[in-house]
>>> print(open('coords.pdb').read())   # PDB, C-alpha atoms, pLDDT in the B column
ATOM      1  CA  MET A   1      13.395  19.240   9.854  1.00 46.00           C
ATOM      2  CA  SER A   2      12.174  22.373  11.561  1.00 45.00           C
ATOM      3  CA  GLU A   3      10.175  22.389  14.778  1.00 45.00           C
ATOM      4  CA  GLU A   4       7.425  24.338  13.024  1.00 45.00           C
ATOM      5  CA  LYS A   5       6.839  21.496  10.553  1.00 46.00           C
ATOM      6  CA  LYS A   6       6.655  18.911  13.349  1.00 50.00           C
ATOM      7  CA  LYS A   7       3.909  20.867  15.130  1.00 59.00           C
ATOM      8  CA  ARG A   8       1.657  20.756  12.073  1.00 74.00           C
ATOM      9  CA  LEU A   9       1.225  16.987  12.087  1.00 87.00           C
ATOM     10  CA  ARG A  10      -2.382  16.263  12.866  1.00 82.00           C
ATOM     11  CA  GLY A  11      -4.370  13.214  13.782  1.00 85.00           C
ATOM     12  CA  PHE A  12      -3.075   9.931  12.525  1.00 88.00           C
ATOM     13  CA  ALA A  13       0.146  11.416  11.097  1.00 91.00           C
ATOM     14  CA  GLY A  14       1.043  12.741  14.555  1.00 91.00           C
ATOM     15  CA  ILE A  15       0.512   9.325  16.145  1.00 87.00           C
ATOM     16  CA  VAL A  16       2.731   7.625  13.569  1.00 89.00           C
ATOM     17  CA  ALA A  17       5.436  10.266  14.004  1.00 92.00           C
ATOM     18  CA  LYS A  18       5.567   9.644  17.760  1.00 90.00           C
ATOM     19  CA  GLN A  19       6.035   5.929  17.098  1.00 86.00           C
ATOM     20  CA  VAL A  20       8.784   6.080  14.454  1.00 90.00           C
ATOM     21  CA  GLU A  21      10.798   9.249  15.010  1.00 92.00           C
ATOM     22  CA  PRO A  22      12.653   7.845  18.062  1.00 94.00           C
ATOM     23  CA  LEU A  23      14.352   5.527  15.549  1.00 94.00           C
ATOM     24  CA  ASN A  24      16.472   8.522  14.506  1.00 96.00           C
ATOM     25  CA  ASP A  25      18.372   8.143  17.806  1.00 96.00           C
ATOM     26  CA  ILE A  26      19.268   4.482  17.245  1.00 95.00           C
ATOM     27  CA  GLU A  27      22.666   3.962  15.606  1.00 95.00           C
ATOM     28  CA  LYS A  28      21.809   0.486  14.294  1.00 94.00           C
ATOM     29  CA  PHE A  29      18.775   1.916  12.474  1.00 95.00           C
ATOM     30  CA  LYS A  30      20.895   4.672  10.902  1.00 95.00           C
ATOM     31  CA  GLU A  31      23.456   2.107   9.759  1.00 95.00           C
ATOM     32  CA  ASP A  32      20.892  -0.383   8.387  1.00 95.00           C
ATOM     33  CA  PHE A  33      18.972   2.246   6.416  1.00 95.00           C
ATOM     34  CA  LYS A  34      21.819   4.535   5.331  1.00 95.00           C
ATOM     35  CA  ASP A  35      21.415   3.547   1.664  1.00 95.00           C
ATOM     36  CA  LYS A  36      17.611   3.457   1.519  1.00 94.00           C
ATOM     37  CA  GLU A  37      15.129   5.991   0.216  1.00 96.00           C
ATOM     38  CA  LEU A  38      11.541   4.931   0.709  1.00 96.00           C
ATOM     39  CA  LYS A  39       8.093   6.470   1.126  1.00 97.00           C
ATOM     40  CA  ILE A  40       5.212   4.485   2.583  1.00 96.00           C
ATOM     41  CA  LEU A  41       1.717   5.953   2.760  1.00 97.00           C
ATOM     42  CA  LEU A  42      -0.240   4.840   5.811  1.00 95.00           C
ATOM     43  CA  ASN A  43      -3.846   5.730   5.092  1.00 95.00           C
ATOM     44  CA  ALA A  44      -6.363   5.427   7.901  1.00 93.00           C
ATOM     45  CA  LYS A  45      -9.605   5.241   5.920  1.00 93.00           C
ATOM     46  CA  ASP A  46     -11.666   6.908   8.644  1.00 92.00           C
ATOM     47  CA  GLY A  47      -9.335   9.855   9.269  1.00 90.00           C
ATOM     48  CA  LYS A  48      -8.837  13.229   7.585  1.00 92.00           C
ATOM     49  CA  TYR A  49      -5.065  12.862   7.197  1.00 92.00           C
ATOM     50  CA  ALA A  50      -2.840  10.097   5.918  1.00 94.00           C
ATOM     51  CA  ALA A  51       0.737   9.655   7.141  1.00 95.00           C
ATOM     52  CA  LEU A  52       3.565   9.560   4.612  1.00 96.00           C
ATOM     53  CA  LEU A  53       6.418   7.727   6.309  1.00 96.00           C
ATOM     54  CA  VAL A  54       9.693   8.795   4.721  1.00 97.00           C
ATOM     55  CA  ILE A  55      12.956   6.907   5.181  1.00 96.00           C
ATOM     56  CA  ASP A  56      15.781   8.966   3.743  1.00 97.00           C
ATOM     57  CA  HIS A  57      19.341   7.649   4.099  1.00 95.00           C
ATOM     58  CA  GLY A  58      19.141   6.646   7.754  1.00 95.00           C
ATOM     59  CA  LYS A  59      16.611   9.237   8.872  1.00 96.00           C
ATOM     60  CA  VAL A  60      12.900   8.688   9.293  1.00 96.00           C
ATOM     61  CA  TYR A  61      10.174  11.291   9.481  1.00 96.00           C
ATOM     62  CA  VAL A  62       6.453  11.590   8.841  1.00 96.00           C
ATOM     63  CA  GLU A  63       4.513  14.048   6.713  1.00 95.00           C
ATOM     64  CA  GLY A  64       0.785  14.595   7.068  1.00 94.00           C
ATOM     65  CA  VAL A  65      -1.169  14.364   3.806  1.00 94.00           C
ATOM     66  CA  LYS A  66      -4.672  15.807   3.722  1.00 93.00           C
ATOM     67  CA  LYS A  67      -6.981  13.300   2.080  1.00 92.00           C
ATOM     68  CA  LYS A  68      -9.327  15.783   0.462  1.00 91.00           C
ATOM     69  CA  PRO A  69      -9.211  16.043  -2.484  1.00 91.00           C
ATOM     70  CA  LYS A  70      -8.647  12.322  -2.963  1.00 92.00           C
ATOM     71  CA  GLU A  71      -5.924  13.008  -5.561  1.00 94.00           C
ATOM     72  CA  ASN A  72      -3.591  14.079  -2.707  1.00 94.00           C
ATOM     73  CA  ILE A  73      -3.007  10.461  -1.693  1.00 94.00           C
ATOM     74  CA  LYS A  74      -2.625   9.019  -5.186  1.00 95.00           C
ATOM     75  CA  LYS A  75       0.783   7.562  -6.007  1.00 95.00           C
ATOM     76  CA  LYS A  76       1.701  10.144  -8.641  1.00 95.00           C
ATOM     77  CA  ASN A  77       0.930  13.067  -6.298  1.00 94.00           C
ATOM     78  CA  ALA A  78       2.192  11.765  -2.948  1.00 94.00           C
ATOM     79  CA  GLY A  79       5.113   9.866  -4.489  1.00 96.00           C
ATOM     80  CA  TRP A  80       4.779   6.761  -2.317  1.00 97.00           C
ATOM     81  CA  ASP A  81       6.562   3.467  -2.959  1.00 97.00           C
ATOM     82  CA  GLY A  82       4.210   1.429  -0.773  1.00 96.00           C
ATOM     83  CA  LEU A  83       0.667   1.821   0.571  1.00 96.00           C
ATOM     84  CA  LEU A  84      -0.986   0.353   3.636  1.00 94.00           C
ATOM     85  CA  GLN A  85      -4.647   1.289   4.038  1.00 95.00           C
ATOM     86  CA  THR A  86      -7.123   0.217   6.703  1.00 93.00           C
ATOM     87  CA  LYS A  87      -9.216   1.609   9.570  1.00 92.00           C
ATOM     88  CA  THR A  88      -7.555   3.592  12.350  1.00 88.00           C
ATOM     89  CA  GLN A  89      -8.258   0.918  14.971  1.00 86.00           C
ATOM     90  CA  THR A  90      -6.426  -1.721  12.914  1.00 84.00           C
ATOM     91  CA  PHE A  91      -3.397   0.595  12.667  1.00 83.00           C
ATOM     92  CA  VAL A  92      -3.496   1.151  16.425  1.00 77.00           C
ATOM     93  CA  ASP A  93      -3.592  -2.620  16.973  1.00 77.00           C
ATOM     94  CA  LEU A  94      -0.620  -3.049  14.632  1.00 74.00           C
ATOM     95  CA  LEU A  95       1.396  -0.259  16.269  1.00 68.00           C
ATOM     96  CA  THR A  96       0.794  -1.513  19.795  1.00 67.00           C
ATOM     97  CA  GLY A  97       1.028  -5.192  18.861  1.00 64.00           C
ATOM     98  CA  GLU A  98      -2.215  -5.996  20.668  1.00 63.00           C
ATOM     99  CA  SER A  99      -4.443  -8.815  19.438  1.00 57.00           C
ATOM    100  CA  VAL A 100      -2.542  -9.113  16.191  1.00 65.00           C
ATOM    101  CA  SER A 101      -1.434 -12.413  14.762  1.00 71.00           C
ATOM    102  CA  MET A 102      -0.146 -13.133  11.294  1.00 71.00           C
ATOM    103  CA  GLY A 103      -3.332 -15.125  10.685  1.00 78.00           C
ATOM    104  CA  SER A 104      -5.583 -12.214  11.600  1.00 79.00           C
ATOM    105  CA  ILE A 105      -3.590  -9.870   9.352  1.00 77.00           C
ATOM    106  CA  ILE A 106      -3.816 -12.285   6.419  1.00 80.00           C
ATOM    107  CA  ALA A 107      -7.558 -12.693   7.038  1.00 84.00           C
ATOM    108  CA  LYS A 108      -8.021  -8.910   6.936  1.00 83.00           C
ATOM    109  CA  ILE A 109      -6.035  -8.687   3.688  1.00 82.00           C
ATOM    110  CA  LEU A 110      -8.094 -11.466   2.093  1.00 85.00           C
ATOM    111  CA  THR A 111     -11.375  -9.849   3.162  1.00 87.00           C
ATOM    112  CA  PHE A 112     -10.163  -6.483   1.813  1.00 85.00           C
ATOM    113  CA  ARG A 113     -10.108  -4.770   5.217  1.00 87.00           C
ATOM    114  CA  ILE A 114      -6.404  -4.080   4.713  1.00 90.00           C
ATOM    115  CA  LYS A 115      -5.228  -2.818   1.328  1.00 93.00           C
ATOM    116  CA  ILE A 116      -1.561  -3.110   0.407  1.00 92.00           C
ATOM    117  CA  ARG A 117       0.264  -1.811  -2.661  1.00 95.00           C
ATOM    118  CA  GLY A 118       4.004  -2.327  -3.089  1.00 94.00           C
ATOM    119  CA  ILE A 119       4.153  -5.131  -0.528  1.00 90.00           C
ATOM    120  CA  LYS A 120       7.964  -5.406  -0.687  1.00 92.00           C
ATOM    121  CA  ASN A 121       8.224  -1.799   0.483  1.00 91.00           C
ATOM    122  CA  VAL A 122       5.460  -2.131   3.076  1.00 89.00           C
ATOM    123  CA  LEU A 123       7.283  -5.093   4.635  1.00 87.00           C
ATOM    124  CA  VAL A 124      10.013  -2.617   5.658  1.00 89.00           C
ATOM    125  CA  LEU A 125       7.555  -1.547   8.398  1.00 85.00           C
ATOM    126  CA  LEU A 126       8.120  -4.887  10.102  1.00 81.00           C
ATOM    127  CA  LYS A 127      11.865  -4.173  10.274  1.00 84.00           C
ATOM    128  CA  LEU A 128      11.198  -0.767  11.837  1.00 83.00           C
ATOM    129  CA  PHE A 129       9.429  -2.301  14.816  1.00 75.00           C
ATOM    130  CA  GLU A 130      12.371  -4.646  15.518  1.00 78.00           C
ATOM    131  CA  TYR A 131      14.390  -1.681  16.826  1.00 77.00           C
ATOM    132  CA  GLU A 132      12.056  -0.758  19.660  1.00 61.00           C
TER     133      GLU A 132
END
>>> encode(input="coords.pdb", output="structure tokens")
Amino acid sequence: MSEEKKKRLRGFAGIVAKQVEPLNDIEKFKEDFKDKELKILLNAKDGKYAALLVIDHGKVYVEGVKKKPKENIKKKNAGWDGLLQTKTQTFVDLLTGESVSMGSIIAKILTFRIKIRGIKNVLVLLKLFEYE
């Protein structure tokens, strides 16, 4: 991926990229995901951009997806396999691991504060954070 493309990531997509792109330097990650192709859309409801997390045969990168028009983040346009949607602060809590328990996550899902589509694919996110 070119340096020019990396510079264009804005807002939430840039934050996600900083969290996951160091995985490209970990040999165990490359080995574990060498046969996987997966796209997970992380949509912060209160931001202008969503982050499309792409795992492609042992490499991971993030693409910024502008949310206006709304069709940009639909499955048929963005091509995602899994969707995780919530407020930015909840994503930050999840990424940093602060004040997050499985019970609080389940409560947020049940009260519709976290929206998940393609849960099997979204659960791959949990594996990603095991490498850090």
>>> atom_distance(input="coords.pdb", atom1="CA of Ile55 in chain A", atom2="CA of Glu37 in chain A")
5.5 Å
>>> resolve_selection(input="coords.pdb", expression="the PyMOL selection byres ((chain A and resi 20-34) around 10)", output="list in words")
Ile15, Val16, Ala17, Lys18, Gln19, Asp35, Lys36, Glu37, Leu38, Leu53, Ile55, Asp56, His57, Gly58, Lys59, Val60, Tyr61, Val62, Leu95, Leu125, Lys127, Leu128, Phe129, Glu130, Tyr131 and Glu132 of chain A
>>> write_last_selection(input="coords.pdb", atoms="C-alpha atoms", output="mmCIF file, keeping the file's coordinate frame")
data_model
loop_
_atom_site.group_PDB
_atom_site.id
_atom_site.type_symbol
_atom_site.label_atom_id
_atom_site.label_comp_id
_atom_site.auth_asym_id
_atom_site.auth_seq_id
_atom_site.Cartn_x
_atom_site.Cartn_y
_atom_site.Cartn_z
ATOM 1 C CA ILE A 15 0.512 9.325 16.145
ATOM 2 C CA VAL A 16 2.731 7.625 13.569
ATOM 3 C CA ALA A 17 5.436 10.266 14.004
ATOM 4 C CA LYS A 18 5.567 9.644 17.760
ATOM 5 C CA GLN A 19 6.035 5.929 17.098
ATOM 6 C CA ASP A 35 21.415 3.547 1.664
ATOM 7 C CA LYS A 36 17.611 3.457 1.519
ATOM 8 C CA GLU A 37 15.129 5.991 0.216
ATOM 9 C CA LEU A 38 11.541 4.931 0.709
ATOM 10 C CA LEU A 53 6.418 7.727 6.309
ATOM 11 C CA ILE A 55 12.956 6.907 5.181
ATOM 12 C CA ASP A 56 15.781 8.966 3.743
ATOM 13 C CA HIS A 57 19.341 7.649 4.099
ATOM 14 C CA GLY A 58 19.141 6.646 7.754
ATOM 15 C CA LYS A 59 16.611 9.237 8.872
ATOM 16 C CA VAL A 60 12.900 8.688 9.293
ATOM 17 C CA TYR A 61 10.174 11.291 9.481
ATOM 18 C CA VAL A 62 6.453 11.590 8.841
ATOM 19 C CA LEU A 95 1.396 -0.259 16.269
ATOM 20 C CA LEU A 125 7.555 -1.547 8.398
ATOM 21 C CA LYS A 127 11.865 -4.173 10.274
ATOM 22 C CA LEU A 128 11.198 -0.767 11.837
ATOM 23 C CA PHE A 129 9.429 -2.301 14.816
ATOM 24 C CA GLU A 130 12.371 -4.646 15.518
ATOM 25 C CA TYR A 131 14.390 -1.681 16.826
ATOM 26 C CA GLU A 132 12.056 -0.758 19.660
#
>>> closest_residue(input="coords.pdb", among="A:Ala13, A:Leu52, A:Ile114, A:Leu94", to="Ile40 in chain A", atoms="all atoms listed in the file")
A:Leu52
>>> residues_around(input="coords.pdb", residues="Ala50 in chain A", least_positions_apart="2", cutoff="12 Å", atoms="all atoms listed in the file", output="NGL selection string")
:A and (9-17 or 40-48 or 52-53 or 62-68 or 70 or 72-74 or 78 or 80 or 83-88 or 91)
>>> atom_distance(input="coords.pdb", atom1="CA of Lys120 in chain A", atom2="CA of Ala107 in chain A")
18.8 Å
>>> atom_distance(input="coords.pdb", atom1="CA of Ile119 in chain A", atom2="CA of Ile105 in chain A")
13.4 Å
>>> axis_aligned_box(input="coords.pdb", around="range 37-56 of chain A", padding_each_side="4 Å", output="lines of an AutoDock Vina configuration file")
center_x = 2.1
center_y = 8.9
center_z = 4.7
size_x = 35.4
size_y = 16.7
size_z = 17.1
>>> build_atoms(input="coords.pdb", residues="range 62-87 of chain A", atoms="N, CA and C atoms", output="tab-separated table (two decimals), in the coordinates of the input")
chain	number	residue	atom	x	y	z
A	62	VAL	N	7.83	11.78	9.31
A	62	VAL	CA	6.45	11.59	8.84
A	62	VAL	C	5.91	12.92	8.35
A	63	GLU	N	5.21	12.87	7.23
A	63	GLU	CA	4.51	14.05	6.71
A	63	GLU	C	3.02	13.76	6.73
A	64	GLY	N	2.24	14.74	7.12
A	64	GLY	CA	0.78	14.60	7.07
A	64	GLY	C	0.29	14.94	5.68
A	65	VAL	N	-0.60	14.13	5.13
A	65	VAL	CA	-1.17	14.36	3.81
A	65	VAL	C	-2.68	14.46	3.96
A	66	LYS	N	-3.22	15.62	3.64
A	66	LYS	CA	-4.67	15.81	3.72
A	66	LYS	C	-5.33	14.97	2.63
A	67	LYS	N	-6.37	14.25	3.01
A	67	LYS	CA	-6.98	13.30	2.08
A	67	LYS	C	-8.03	13.90	1.16
A	68	LYS	N	-8.38	15.15	1.38
A	68	LYS	CA	-9.33	15.78	0.46
A	68	LYS	C	-8.61	16.92	-0.24
A	69	PRO	N	-8.60	16.98	-1.55
A	69	PRO	CA	-9.21	16.04	-2.48
A	69	PRO	C	-8.47	14.70	-2.50
A	70	LYS	N	-9.16	13.69	-2.97
A	70	LYS	CA	-8.65	12.32	-2.96
A	70	LYS	C	-7.35	12.18	-3.77
A	71	GLU	N	-7.13	13.06	-4.73
A	71	GLU	CA	-5.92	13.01	-5.56
A	71	GLU	C	-4.65	13.20	-4.73
A	72	ASN	N	-4.77	13.84	-3.55
A	72	ASN	CA	-3.59	14.08	-2.71
A	72	ASN	C	-2.88	12.79	-2.31
A	73	ILE	N	-3.62	11.70	-2.16
A	73	ILE	CA	-3.01	10.46	-1.69
A	73	ILE	C	-2.71	9.48	-2.82
A	74	LYS	N	-2.95	9.89	-4.06
A	74	LYS	CA	-2.62	9.02	-5.19
A	74	LYS	C	-1.11	8.93	-5.34
A	75	LYS	N	-0.65	7.82	-5.90
A	75	LYS	CA	0.78	7.56	-6.01
A	75	LYS	C	1.53	8.67	-6.76
A	76	LYS	N	0.97	9.15	-7.85
A	76	LYS	CA	1.70	10.14	-8.64
A	76	LYS	C	1.81	11.49	-7.92
A	77	ASN	N	0.88	11.80	-7.03
A	77	ASN	CA	0.93	13.07	-6.30
A	77	ASN	C	1.73	12.97	-5.00
A	78	ALA	N	1.50	11.91	-4.23
A	78	ALA	CA	2.19	11.76	-2.95
A	78	ALA	C	3.58	11.15	-3.12
A	79	GLY	N	3.79	10.44	-4.21
A	79	GLY	CA	5.11	9.87	-4.49
A	79	GLY	C	5.47	8.66	-3.64
A	80	TRP	N	4.49	7.90	-3.19
A	80	TRP	CA	4.78	6.76	-2.32
A	80	TRP	C	5.27	5.55	-3.10
A	81	ASP	N	6.06	4.72	-2.40
A	81	ASP	CA	6.56	3.47	-2.96
A	81	ASP	C	5.71	2.29	-2.48
A	82	GLY	N	5.05	2.47	-1.33
A	82	GLY	CA	4.21	1.43	-0.77
A	82	GLY	C	3.02	2.06	-0.09
A	83	LEU	N	1.90	1.31	-0.03
A	83	LEU	CA	0.67	1.82	0.57
A	83	LEU	C	0.11	0.76	1.51
A	84	LEU	N	-0.27	1.21	2.69
A	84	LEU	CA	-0.99	0.35	3.64
A	84	LEU	C	-2.22	1.14	4.06
A	85	GLN	N	-3.40	0.56	3.78
A	85	GLN	CA	-4.65	1.29	4.04
A	85	GLN	C	-5.61	0.40	4.81
A	86	THR	N	-6.13	0.93	5.90
A	86	THR	CA	-7.12	0.22	6.70
A	86	THR	C	-7.77	1.21	7.66
A	87	LYS	N	-8.59	0.73	8.58
A	87	LYS	CA	-9.22	1.61	9.57
A	87	LYS	C	-8.21	1.99	10.65
